$ cat structure.tsv   # TSV, C-alpha atoms
chain	number	residue	atom	x	y	z
R	6	MET	CA	-50.21	-130.34	17.57
R	7	ASP	CA	-47.28	-129.09	19.66
R	8	ASN	CA	-46.78	-131.55	22.53
R	9	GLU	CA	-46.13	-128.63	24.89
R	10	LEU	CA	-49.59	-127.28	24.07
R	11	THR	CA	-51.37	-130.38	25.38
R	12	GLN	CA	-50.72	-129.37	29.00
R	13	PHE	CA	-53.17	-126.50	28.41
R	14	ASN	CA	-55.93	-128.57	26.77
R	15	ASP	CA	-58.54	-127.76	29.41
R	16	ILE	CA	-58.16	-123.97	29.17
R	17	ARG	CA	-56.85	-123.02	25.73
R	18	PRO	CA	-58.68	-122.05	22.51
R	19	PHE	CA	-59.17	-124.70	19.86
R	20	GLU	CA	-56.39	-125.24	17.36
R	21	PRO	CA	-57.29	-125.23	13.63
R	22	GLU	CA	-57.33	-129.04	13.38
R	23	GLU	CA	-59.83	-129.19	16.28
R	24	LEU	CA	-62.32	-126.77	14.74
R	25	PRO	CA	-64.30	-129.25	12.56
R	26	ALA	CA	-65.22	-131.37	15.61
R	27	ALA	CA	-66.02	-128.23	17.63
R	28	TYR	CA	-68.29	-126.99	14.83
R	29	ASP	CA	-70.09	-130.35	14.63
R	30	LYS	CA	-70.72	-130.31	18.37
R	31	LEU	CA	-72.12	-126.77	18.24
R	32	ILE	CA	-74.24	-127.42	15.18
R	33	ALA	CA	-75.85	-130.39	16.94
R	34	ASN	CA	-76.82	-128.33	19.99
R	35	PRO	CA	-80.48	-127.18	20.11
R	36	GLN	CA	-79.66	-124.10	22.23
R	37	PHE	CA	-77.10	-122.98	19.66
R	38	HIS	CA	-79.78	-123.35	16.98
R	39	GLY	CA	-81.93	-120.93	18.96
R	40	VAL	CA	-79.14	-118.37	19.26
R	41	VAL	CA	-78.39	-118.55	15.52
R	42	LYS	CA	-82.08	-118.09	14.70
R	43	TYR	CA	-82.17	-115.02	16.99
R	44	LEU	CA	-79.02	-113.46	15.52
R	45	PHE	CA	-79.68	-114.38	11.87
R	46	PRO	CA	-83.49	-114.64	11.59
R	47	ASN	CA	-83.52	-114.54	7.80
R	48	VAL	CA	-80.70	-117.02	7.19
R	49	PRO	CA	-81.34	-120.79	7.02
R	50	PHE	CA	-79.43	-122.65	9.74
R	51	ASP	CA	-77.85	-124.98	7.18
R	52	ALA	CA	-76.31	-121.95	5.45
R	53	VAL	CA	-74.81	-120.77	8.74
R	54	ALA	CA	-73.46	-124.28	9.44
R	55	GLN	CA	-71.92	-124.46	5.97
R	56	LYS	CA	-70.26	-121.07	6.45
R	57	MET	CA	-68.89	-122.17	9.84
R	58	ARG	CA	-67.37	-125.34	8.40
R	59	ALA	CA	-65.62	-123.27	5.73
R	60	CYS	CA	-63.68	-121.39	8.44
R	61	ASP	CA	-60.49	-123.38	8.97
R	62	THR	CA	-59.00	-120.92	11.49
R	63	SER	CA	-60.45	-119.00	14.41
R	64	LEU	CA	-59.55	-115.71	12.71
R	65	LYS	CA	-61.61	-116.69	9.66
R	66	PHE	CA	-64.51	-117.55	11.99
R	67	GLN	CA	-64.21	-114.14	13.64
R	68	LEU	CA	-64.11	-112.36	10.29
R	69	ALA	CA	-67.08	-114.36	9.01
R	70	PHE	CA	-69.31	-114.04	12.08
R	71	SER	CA	-68.09	-112.08	15.09
R	72	PHE	CA	-66.88	-108.91	13.37
R	73	GLY	CA	-70.01	-108.35	11.33
R	74	PHE	CA	-72.13	-108.74	14.44
R	75	ILE	CA	-69.96	-106.33	16.49
R	76	LYS	CA	-69.83	-103.67	13.77
R	77	GLU	CA	-73.57	-103.87	13.15
R	78	LEU	CA	-74.14	-103.65	16.90
R	79	LEU	CA	-71.90	-100.61	17.27
R	80	ALA	CA	-73.69	-98.89	14.38
R	81	LYS	CA	-76.89	-99.14	16.43
R	82	ALA	CA	-75.64	-98.80	20.03
R	83	ALA	CA	-72.71	-96.36	19.74
R	84	ARG	CA	-72.12	-93.02	18.07
R	85	GLY	CA	-68.60	-93.84	16.96
R	86	TYR	CA	-65.56	-95.80	18.07
R	87	GLU	CA	-61.82	-95.75	17.46
R	88	MET	CA	-58.46	-96.78	18.89
R	89	ASP	CA	-55.25	-94.78	19.23
R	90	CYS	CA	-52.46	-97.35	18.91
R	91	SER	CA	-49.74	-94.92	17.81
R	92	SER	CA	-47.55	-95.82	20.80
R	93	VAL	CA	-47.08	-99.47	19.85
R	94	ASP	CA	-45.52	-101.35	16.93
R	95	ARG	CA	-48.37	-103.03	15.07
R	96	SER	CA	-46.10	-105.89	14.00
R	97	GLY	CA	-45.57	-106.89	17.63
R	98	ASN	CA	-47.63	-109.06	19.94
R	99	TYR	CA	-48.58	-107.86	23.40
R	100	THR	CA	-50.44	-108.57	26.61
R	101	PHE	CA	-53.11	-105.87	26.65
R	102	VAL	CA	-54.03	-105.16	30.27
R	103	SER	CA	-57.14	-103.00	30.36
R	104	ASN	CA	-59.76	-101.56	32.62
R	105	HIS	CA	-62.98	-103.55	32.40
R	106	ARG	CA	-66.18	-101.82	31.30
R	107	ASP	CA	-68.28	-104.52	29.63
R	108	ILE	CA	-68.34	-108.28	30.27
R	109	VAL	CA	-68.48	-109.23	26.59
R	110	LEU	CA	-67.64	-106.22	24.44
R	111	ASP	CA	-64.30	-104.98	25.84
R	112	SER	CA	-62.31	-107.73	24.15
R	113	ALA	CA	-64.69	-108.17	21.20
R	114	ILE	CA	-64.37	-104.52	20.19
R	115	LEU	CA	-60.60	-104.69	20.68
R	116	ASP	CA	-60.38	-107.54	18.16
R	117	VAL	CA	-62.28	-105.49	15.57
R	118	LEU	CA	-60.04	-102.49	16.23
R	119	LEU	CA	-56.86	-104.59	15.91
R	120	VAL	CA	-57.95	-105.85	12.50
R	121	GLU	CA	-58.97	-102.37	11.35
R	122	ALA	CA	-55.60	-101.01	12.54
R	123	LYS	CA	-53.80	-103.66	10.43
R	124	PHE	CA	-52.34	-105.70	13.28
R	125	ALA	CA	-51.23	-109.14	12.13
R	126	ASP	CA	-53.94	-110.94	14.09
R	127	THR	CA	-56.56	-110.66	16.81
R	128	CYS	CA	-55.79	-111.50	20.44
R	129	GLU	CA	-56.49	-114.43	22.70
R	130	ILE	CA	-58.99	-113.46	25.38
R	131	ALA	CA	-58.96	-114.33	29.09
R	132	ILE	CA	-62.49	-115.19	30.23
R	133	GLY	CA	-63.68	-116.33	33.65
R	134	ASP	CA	-65.30	-119.75	33.89
R	135	ASN	CA	-68.14	-118.18	35.89
R	136	LEU	CA	-69.51	-117.00	32.52
R	137	LEU	CA	-69.24	-120.45	30.95
R	138	LYS	CA	-71.79	-122.57	32.77
R	139	LEU	CA	-73.06	-124.12	29.52
R	140	ASP	CA	-70.77	-126.47	27.59
R	141	TRP	CA	-71.79	-125.07	24.20
R	142	VAL	CA	-70.93	-121.53	25.33
R	143	LYS	CA	-67.51	-122.75	26.44
R	144	ASP	CA	-67.00	-124.35	23.01
R	145	LEU	CA	-68.09	-121.17	21.25
R	146	VAL	CA	-65.69	-118.90	23.15
R	147	ARG	CA	-62.82	-121.34	22.58
R	148	ILE	CA	-63.55	-121.20	18.84
R	149	ASN	CA	-63.42	-117.40	19.26
R	150	LYS	CA	-59.84	-117.53	20.66
R	151	SER	CA	-60.68	-117.38	24.38
R	152	PHE	CA	-58.75	-119.12	27.13
R	153	ILE	CA	-60.35	-119.93	30.45
R	154	VAL	CA	-59.58	-118.42	33.84
R	155	GLN	CA	-60.71	-120.86	36.54
R	156	ARG	CA	-62.24	-119.20	39.59
R	157	GLY	CA	-63.75	-120.22	42.91
R	158	LEU	CA	-61.33	-123.10	43.49
R	159	PRO	CA	-59.90	-124.17	46.87
R	160	MET	CA	-56.55	-122.51	47.64
R	161	ARG	CA	-54.29	-125.41	46.63
R	162	GLU	CA	-56.16	-125.98	43.36
R	163	MET	CA	-56.20	-122.22	42.69
R	164	LEU	CA	-52.40	-122.08	42.91
R	165	VAL	CA	-52.09	-124.92	40.41
R	166	ALA	CA	-54.63	-123.28	38.07
R	167	SER	CA	-52.90	-119.91	38.34
R	168	LYS	CA	-49.54	-121.46	37.44
R	169	GLN	CA	-51.10	-123.18	34.43
R	170	LEU	CA	-52.75	-119.91	33.36
R	171	SER	CA	-49.50	-117.98	33.66
R	172	ASP	CA	-47.55	-120.66	31.79
R	173	TYR	CA	-50.13	-120.52	29.02
R	174	MET	CA	-49.95	-116.73	28.73
R	175	HIS	CA	-46.17	-116.91	28.39
R	176	TYR	CA	-46.57	-119.71	25.83
R	177	VAL	CA	-48.98	-117.60	23.75
R	178	ILE	CA	-46.60	-114.64	23.65
R	179	SER	CA	-43.33	-116.55	23.15
R	180	HIS	CA	-44.36	-119.55	21.04
R	181	LYS	CA	-47.67	-118.77	19.35
R	182	LYS	CA	-46.64	-115.15	18.78
R	183	GLN	CA	-50.21	-114.04	19.51
R	184	SER	CA	-51.44	-111.11	21.58
R	185	ILE	CA	-53.52	-111.48	24.75
R	186	TRP	CA	-56.27	-109.42	26.37
R	187	ILE	CA	-56.81	-109.64	30.11
R	188	ALA	CA	-58.67	-107.33	32.48
R	189	GLN	CA	-56.62	-105.55	35.14
R	190	ARG	CA	-58.71	-107.18	37.86
R	191	SER	CA	-61.31	-109.88	38.33
R	192	GLY	CA	-64.70	-108.42	37.41
R	193	ARG	CA	-65.68	-104.87	36.57
R	194	ALA	CA	-65.06	-101.93	38.89
R	195	LYS	CA	-68.63	-101.06	39.87
R	196	ASP	CA	-67.61	-97.46	40.63
R	197	SER	CA	-65.29	-97.08	37.59
R	198	ASN	CA	-62.35	-96.48	39.96
R	199	ASP	CA	-60.06	-98.68	37.88
R	200	ARG	CA	-57.15	-100.24	39.76
R	201	THR	CA	-54.83	-103.06	38.70
R	202	SER	CA	-54.97	-106.06	41.00
R	203	GLU	CA	-51.56	-107.10	42.27
R	204	ALA	CA	-52.92	-110.65	42.41
R	205	VAL	CA	-53.29	-110.55	38.61
R	206	LEU	CA	-49.68	-109.36	38.27
R	207	LYS	CA	-48.43	-112.05	40.65
R	208	MET	CA	-50.22	-114.67	38.57
R	209	MET	CA	-48.46	-113.38	35.45
R	210	THR	CA	-45.02	-113.97	36.96
R	211	MET	CA	-45.71	-117.55	38.04
R	212	GLY	CA	-44.75	-118.49	34.49
R	213	GLY	CA	-41.76	-117.44	32.40
R	214	GLU	CA	-38.10	-117.56	33.29
R	215	GLY	CA	-35.57	-115.39	35.12
R	216	SER	CA	-36.21	-112.55	37.54
R	217	LEU	CA	-39.65	-111.10	38.14
R	218	VAL	CA	-38.84	-108.11	35.93
R	219	GLU	CA	-37.64	-110.43	33.17
R	220	ARG	CA	-40.87	-112.43	33.43
R	221	PHE	CA	-42.90	-109.25	33.08
R	222	LYS	CA	-40.84	-108.18	30.08
R	223	GLN	CA	-41.47	-111.52	28.39
R	224	LEU	CA	-45.20	-110.66	28.31
R	225	HIS	CA	-44.75	-107.22	26.66
R	226	ILE	CA	-47.55	-105.59	28.68
R	227	VAL	CA	-49.45	-102.71	27.09
R	228	PRO	CA	-51.83	-100.78	29.38
R	229	LEU	CA	-55.08	-100.27	27.47
R	230	SER	CA	-57.63	-97.58	28.36
R	231	ILE	CA	-61.26	-98.24	27.49
R	232	SER	CA	-63.62	-95.24	27.63
R	233	TYR	CA	-67.39	-95.46	27.15
R	234	GLU	CA	-69.35	-92.22	27.08
R	235	PHE	CA	-72.26	-94.05	28.70
R	236	ASP	CA	-72.33	-97.36	30.55
R	237	PRO	CA	-75.56	-99.25	29.76
R	238	CYS	CA	-75.11	-101.23	32.99
R	239	ASP	CA	-74.69	-98.18	35.24
R	240	TYR	CA	-78.10	-98.60	36.87
R	241	LEU	CA	-77.52	-102.35	37.39
R	242	LYS	CA	-74.21	-101.61	39.10
R	243	ALA	CA	-75.86	-98.96	41.30
R	244	ALA	CA	-78.54	-101.46	42.31
R	245	GLU	CA	-75.84	-104.02	43.19
R	246	LEU	CA	-74.08	-101.45	45.35
R	247	GLN	CA	-77.26	-100.73	47.31
R	248	GLN	CA	-77.97	-104.43	47.78
R	249	LYS	CA	-74.45	-105.00	49.08
R	250	ARG	CA	-74.81	-102.01	51.40
R	251	ASP	CA	-78.11	-103.27	52.77
R	252	ASP	CA	-77.09	-106.92	53.09
R	253	ALA	CA	-73.45	-107.84	53.67
R	254	ASN	CA	-74.22	-111.43	52.58
R	255	TRP	CA	-75.94	-110.49	49.33
R	256	VAL	CA	-74.61	-112.27	46.24
R	257	LYS	CA	-75.62	-112.03	42.61
R	258	GLY	CA	-78.25	-114.50	41.41
R	259	PRO	CA	-77.75	-116.94	38.51
R	260	GLN	CA	-79.44	-114.59	36.03
R	261	ASP	CA	-77.57	-111.40	37.03
R	262	ASP	CA	-74.54	-111.97	34.77
R	263	HIS	CA	-76.87	-112.87	31.88
R	264	ILE	CA	-78.84	-109.64	32.38
R	265	SER	CA	-75.63	-107.60	32.60
R	266	MET	CA	-74.24	-109.19	29.43
R	267	LYS	CA	-77.41	-108.56	27.44
R	268	THR	CA	-77.79	-105.00	28.75
R	269	GLY	CA	-74.12	-104.22	28.10
R	270	ILE	CA	-74.22	-105.59	24.56
R	271	TYR	CA	-77.40	-103.95	23.32
R	272	GLY	CA	-77.58	-100.78	25.47
R	273	ASN	CA	-76.53	-97.27	24.40
R	274	LYS	CA	-72.80	-96.68	24.86
R	275	GLY	CA	-72.42	-93.26	23.28
R	276	HIS	CA	-68.89	-92.81	21.97
R	277	ILE	CA	-66.20	-95.46	22.57
R	278	HIS	CA	-62.46	-94.82	22.67
R	279	TYR	CA	-59.59	-97.29	23.10
R	280	HIS	CA	-56.04	-96.07	23.74
R	281	CYS	CA	-52.86	-98.13	23.85
R	282	ALA	CA	-50.21	-96.73	26.17
R	283	PRO	CA	-46.55	-97.54	25.40
R	284	CYS	CA	-45.44	-101.07	26.23
R	285	ILE	CA	-44.10	-101.06	29.81
R	286	ASP	CA	-40.84	-102.89	28.91
R	287	SER	CA	-38.84	-99.64	28.96
R	288	PHE	CA	-40.39	-98.63	32.30
R	289	LEU	CA	-39.42	-102.01	33.76
R	290	ASP	CA	-35.77	-101.23	32.94
R	291	THR	CA	-35.93	-98.20	35.26
R	292	ILE	CA	-36.92	-100.22	38.36
R	293	PRO	CA	-33.90	-100.72	40.69
R	294	PRO	CA	-32.90	-104.41	40.71
R	295	ASP	CA	-32.88	-104.50	44.52
R	296	THR	CA	-36.55	-103.45	44.78
R	297	PRO	CA	-38.33	-105.73	47.30
R	298	LYS	CA	-40.76	-108.18	45.75
R	299	ASN	CA	-43.95	-106.65	47.19
R	300	ASN	CA	-42.83	-103.14	46.30
R	301	LEU	CA	-42.14	-104.31	42.75
R	302	TYR	CA	-45.73	-105.46	42.21
R	303	THR	CA	-47.06	-102.24	43.73
R	304	THR	CA	-44.78	-100.10	41.54
R	305	ILE	CA	-45.85	-101.90	38.35
R	306	ALA	CA	-49.55	-101.82	39.28
R	307	GLN	CA	-49.35	-98.08	39.94
R	308	HIS	CA	-47.58	-97.49	36.62
R	309	ILE	CA	-50.25	-99.44	34.70
R	310	ASP	CA	-52.96	-97.49	36.55
R	311	ARG	CA	-51.38	-94.12	35.68
R	312	GLU	CA	-51.10	-95.10	32.04
R	313	ILE	CA	-54.72	-96.26	31.88
R	314	HIS	CA	-55.98	-93.18	33.72
R	315	ARG	CA	-54.09	-90.58	31.72
R	316	HIS	CA	-55.23	-92.09	28.43
R	317	TYR	CA	-58.95	-92.13	29.19
R	318	GLN	CA	-61.03	-90.10	26.80
R	319	LEU	CA	-63.23	-87.93	29.01
R	320	TYR	CA	-66.70	-86.83	27.94
R	321	PRO	CA	-69.02	-84.06	29.16
R	322	SER	CA	-70.76	-86.70	31.30
R	323	ASN	CA	-67.56	-87.23	33.31
R	324	TYR	CA	-67.04	-83.53	34.03
R	325	ILE	CA	-70.72	-82.90	34.78
R	326	ALA	CA	-70.78	-85.80	37.24
R	327	LEU	CA	-67.66	-84.47	38.98
R	328	ASP	CA	-69.11	-80.98	39.35
R	329	GLU	CA	-72.47	-82.32	40.58
R	330	LEU	CA	-70.81	-84.74	42.99
R	331	ARG	CA	-68.78	-81.94	44.55
R	332	GLY	CA	-71.32	-79.16	44.21
R	333	THR	CA	-68.92	-77.03	42.15
R	334	ASN	CA	-68.71	-75.41	38.72
R	335	ASP	CA	-64.99	-76.06	38.27
R	336	PHE	CA	-65.27	-77.89	34.95
R	337	THR	CA	-67.98	-76.00	33.09
R	338	ALA	CA	-65.49	-75.27	30.30
R	339	HIS	CA	-65.84	-78.94	29.34
R	340	TYR	CA	-69.62	-79.01	28.86
R	341	SER	CA	-72.57	-76.89	27.83
R	342	ALA	CA	-75.95	-76.26	29.44
R	343	ASN	CA	-77.44	-78.64	26.87
R	344	ASP	CA	-74.88	-81.31	27.80
R	345	LYS	CA	-75.87	-80.95	31.46
R	346	ALA	CA	-79.59	-81.12	30.75
R	347	PHE	CA	-79.08	-84.21	28.61
R	348	PHE	CA	-76.95	-85.97	31.23
R	349	ASP	CA	-79.33	-85.14	34.08
R	350	LYS	CA	-82.26	-86.60	32.09
R	351	TYR	CA	-80.14	-89.63	31.18
R	352	LEU	CA	-79.40	-90.34	34.84
R	353	ALA	CA	-83.05	-89.92	35.79
R	354	ASP	CA	-84.13	-92.32	33.05
R	355	GLN	CA	-81.54	-94.91	34.11
R	356	LEU	CA	-82.48	-94.64	37.78
R	357	ALA	CA	-86.12	-95.22	36.84
R	358	LYS	CA	-85.13	-98.67	35.50
R	359	ILE	CA	-83.99	-99.89	38.93
R	360	GLU	CA	-86.34	-102.46	40.43
R	361	LEU	CA	-85.68	-102.88	44.14
R	362	PRO	CA	-88.23	-103.30	46.94
R	363	LEU	CA	-86.91	-100.14	48.60
R	364	CYS	CA	-84.92	-97.82	46.35
R	365	ASP	CA	-82.67	-95.38	48.18
R	366	ASN	CA	-82.78	-92.83	45.38
R	367	ASP	CA	-80.27	-90.43	46.94
R	368	PHE	CA	-77.75	-93.25	47.40
R	369	LEU	CA	-78.36	-94.65	43.90
R	370	HIS	CA	-78.02	-91.22	42.27
R	371	LYS	CA	-74.77	-90.56	44.14
R	372	GLN	CA	-73.33	-93.93	43.12
R	373	MET	CA	-74.06	-93.20	39.47
R	374	LEU	CA	-72.41	-89.79	39.74
R	375	ILE	CA	-69.36	-91.48	41.29
R	376	MET	CA	-69.19	-93.94	38.38
R	377	TYR	CA	-69.02	-91.13	35.85
R	378	ALA	CA	-66.82	-88.82	37.96
R	379	ASN	CA	-64.10	-91.33	38.83
R	380	PRO	CA	-62.47	-91.44	35.37
R	381	ALA	CA	-62.11	-87.62	35.52
R	382	ILE	CA	-60.81	-87.73	39.10
R	383	ASN	CA	-58.25	-90.40	38.20
R	384	GLN	CA	-57.09	-88.68	35.03
R	385	LEU	CA	-56.65	-85.36	36.79
R	386	ALA	CA	-54.67	-87.10	39.54
R	387	SER	CA	-52.49	-88.94	37.01
R	388	ASN	CA	-51.61	-85.59	35.42
R	389	GLY	CA	-50.78	-84.05	38.81
R	390	ASN	CA	-53.78	-81.70	38.77
R	391	MET	CA	-55.74	-83.12	41.70
R	392	GLU	CA	-55.11	-85.22	44.76
$ encode --input "structure.tsv" --output "structure tokens"
Amino acid sequence: MDNELTQFNDIRPFEPEELPAAYDKLIANPQFHGVVKYLFPNVPFDAVAQKMRACDTSLKFQLAFSFGFIKELLAKAARGYEMDCSSVDRSGNYTFVSNHRDIVLDSAILDVLLVEAKFADTCEIAIGDNLLKLDWVKDLVRINKSFIVQRGLPMREMLVASKQLSDYMHYVISHKKQSIWIAQRSGRAKDSNDRTSEAVLKMMTMGGEGSLVERFKQLHIVPLSISYEFDPCDYLKAAELQQKRDDANWVKGPQDDHISMKTGIYGNKGHIHYHCAPCIDSFLDTIPPDTPKNNLYTTIAQHIDREIHRHYQLYPSNYIALDELRGTNDFTAHYSANDKAFFDKYLADQLAKIELPLCDNDFLHKQMLIMYANPAINQLASNGNME
């Protein structure tokens, strides 16, 4: 193993020579047995274990297990999916910075799409340690090429962890020649108003060498737009928004992330579209070298946002929500009466799933309209058609 890699041992994915021990540890875990039985009810566990041990790289593990599961899932829970990657060189490796729609599937679907588009490999995935409370889950995601983002640390420890994370991302791009996926901000935008966190960008430039612009260029950032026709977690997000409105101290319970993950994975997503914008390296060359540091981060964040927004795929649901939110008929060219009837029933059915002691139905309905309208609002603004 590369000696330089050992400094990242607590956050990085497993290397090929570490996989046999990681498999043995998983195979011995009773909870993992239960998951395997749930996912593969008609397959003996010993057969699954044997197939795992035959995978001597993480990519082979993904091809043997993850991809089949994702494709079978999408066949049931989506009505089609694709990625437009015409703006990037498929022989390159990039840091994909995307909006965040689903806790689990955003990066999992991207990996499938990269393989189907004939990229050289899948990407390493940034995942928050808040989702990795169980040791066996942490082992599983590290087998699946995930690296760990440590959260909730005291300030001094957070700075050290952020520097380590940034150094690792630069190491992946420059030495391992792998791609990376990272969300544009911590957590999902509950209202789908996707904005790149400058804190994420600042973390990225803690590693690398040279000027800030040179450090950004070393990561080869590609803004990635993820568009779901329907968000299975929309009603859960609306409920969270009401709870936060009603109680400023409200925080999610220990089961909330688990419920969101399960709902997001198995719920109806409609059509799914991924779109790679051009790598921002050329844009970085246009930034004046005397740009103040804070302005630089703002400029780059705004550029990534514009690229993500203008490459959304919009659906009738987005235009209907915008018209209903504003009480207008400005976008009726983008949907039919049947589309509107379907979407209105969809919203009603989703709202009926919310279980709160006191549901503010008007508030909840408006929040769900905002979720579906914001991608349209942002795309129109990015094209100069709306303030």
$ residues_around --input "structure.tsv" --residues "range 175-185 of chain R" --least-positions-apart "2" --cutoff "8 Å" --atoms "all atoms listed in the file" --output "number ranges by chain"
R: 98-101, 126-131, 171-173, 187, 212-213, 223-224
$ atom_distance --input "structure.tsv" --atom1 "CA of Asp367 in chain R" --atom2 "CA of Ala338 in chain R"
26.9 Å
$ closest_atom_pairs --input "structure.tsv" --of "range 188-299 of chain R" --to "range 352-357 of chain R" --cutoff "12 Å" --atoms "all atoms listed in the file" --output "JSON lines"
{"residue": "R:Phe235", "atom": "CA", "partner": "R:Leu352", "partner_atom": "CA", "distance": 10.1}
{"residue": "R:Asp236", "atom": "CA", "partner": "R:Gln355", "partner_atom": "CA", "distance": 10.2}
{"residue": "R:Pro237", "atom": "CA", "partner": "R:Gln355", "partner_atom": "CA", "distance": 8.6}
{"residue": "R:Cys238", "atom": "CA", "partner": "R:Gln355", "partner_atom": "CA", "distance": 9.1}
{"residue": "R:Asp239", "atom": "CA", "partner": "R:Gln355", "partner_atom": "CA", "distance": 7.7}
{"residue": "R:Tyr240", "atom": "CA", "partner": "R:Gln355", "partner_atom": "CA", "distance": 5.8}
{"residue": "R:Leu241", "atom": "CA", "partner": "R:Gln355", "partner_atom": "CA", "distance": 9.1}
{"residue": "R:Lys242", "atom": "CA", "partner": "R:Leu356", "partner_atom": "CA", "distance": 10.9}
{"residue": "R:Ala243", "atom": "CA", "partner": "R:Leu356", "partner_atom": "CA", "distance": 8.7}
{"residue": "R:Ala244", "atom": "CA", "partner": "R:Leu356", "partner_atom": "CA", "distance": 9.1}
{"residue": "R:Gly272", "atom": "CA", "partner": "R:Gln355", "partner_atom": "CA", "distance": 11.2}
{"residue": "R:Asn273", "atom": "CA", "partner": "R:Gln355", "partner_atom": "CA", "distance": 11.2}
$ atom_distance --input "structure.tsv" --atom1 "CA of Pro21 in chain R" --atom2 "CA of Asp61 in chain R"
5.9 Å
$ residues_near_point --input "structure.tsv" --point "(-64.1, -96.5, 21.3)" --cutoff "6 Å" --atoms "only C-alpha atoms" --output "PyMOL selection string"
chain R and resi 86-87+277-279
$ closest_residue --input "structure.tsv" --among "R:Leu289, R:Met160, R:Leu246, R:Leu385" --to "Leu217 in chain R" --atoms "only C-alpha atoms"
R:Leu289
$ closest_residue --input "structure.tsv" --among "R:His225, R:His263, R:Arg193, R:Lys358" --to "Leu136 in chain R" --atoms "all atoms listed in the file"
R:His263
$ decode --input "structure.tsv" --residues "range 130-164 of chain R" --atoms "C-alpha atoms" --output "PDB file, in the first residue's frame"
ATOM      1  CA  ILE R 130     -18.361   8.810  -2.866  1.00  0.00           C
ATOM      2  CA  ALA R 131     -18.348  11.348  -0.020  1.00  0.00           C
ATOM      3  CA  ILE R 132     -20.716  10.202   2.733  1.00  0.00           C
ATOM      4  CA  GLY R 133     -21.435  11.813   6.089  1.00  0.00           C
ATOM      5  CA  ASP R 134     -20.608   9.823   9.204  1.00  0.00           C
ATOM      6  CA  ASN R 135     -24.071  10.671  10.565  1.00  0.00           C
ATOM      7  CA  LEU R 136     -25.361   7.885   8.290  1.00  0.00           C
ATOM      8  CA  LEU R 137     -22.787   5.374   9.523  1.00  0.00           C
ATOM      9  CA  LYS R 138     -23.718   4.694  13.127  1.00  0.00           C
ATOM     10  CA  LEU R 139     -23.256   0.927  12.709  1.00  0.00           C
ATOM     11  CA  ASP R 140     -19.750  -0.445  12.143  1.00  0.00           C
ATOM     12  CA  TRP R 141     -20.900  -2.987   9.558  1.00  0.00           C
ATOM     13  CA  VAL R 142     -22.598  -0.240   7.517  1.00  0.00           C
ATOM     14  CA  LYS R 143     -19.360   1.754   7.580  1.00  0.00           C
ATOM     15  CA  ASP R 144     -17.472  -1.324   6.343  1.00  0.00           C
ATOM     16  CA  LEU R 145     -20.018  -1.906   3.579  1.00  0.00           C
ATOM     17  CA  VAL R 146     -19.846   1.651   2.218  1.00  0.00           C
ATOM     18  CA  ARG R 147     -16.038   1.568   2.310  1.00  0.00           C
ATOM     19  CA  ILE R 148     -16.138  -1.623   0.230  1.00  0.00           C
ATOM     20  CA  ASN R 149     -18.444   0.325  -2.112  1.00  0.00           C
ATOM     21  CA  LYS R 150     -15.808   3.075  -2.669  1.00  0.00           C
ATOM     22  CA  SER R 151     -17.098   5.614  -0.140  1.00  0.00           C
ATOM     23  CA  PHE R 152     -14.935   7.963   1.905  1.00  0.00           C
ATOM     24  CA  ILE R 153     -16.169   9.440   5.148  1.00  0.00           C
ATOM     25  CA  VAL R 154     -17.006  13.065   5.889  1.00  0.00           C
ATOM     26  CA  GLN R 155     -16.773  13.619   9.647  1.00  0.00           C
ATOM     27  CA  ARG R 156     -19.431  15.935  11.051  1.00  0.00           C
ATOM     28  CA  GLY R 157     -20.461  17.375  14.394  1.00  0.00           C
ATOM     29  CA  LEU R 158     -16.900  17.800  15.670  1.00  0.00           C
ATOM     30  CA  PRO R 159     -15.633  20.669  17.855  1.00  0.00           C
ATOM     31  CA  MET R 160     -14.183  23.547  15.810  1.00  0.00           C
ATOM     32  CA  ARG R 161     -10.500  22.650  16.193  1.00  0.00           C
ATOM     33  CA  GLU R 162     -11.106  18.983  15.355  1.00  0.00           C
ATOM     34  CA  MET R 163     -13.359  19.983  12.442  1.00  0.00           C
ATOM     35  CA  LEU R 164     -10.547  22.027  10.890  1.00  0.00           C
TER      36      LEU R 164
END
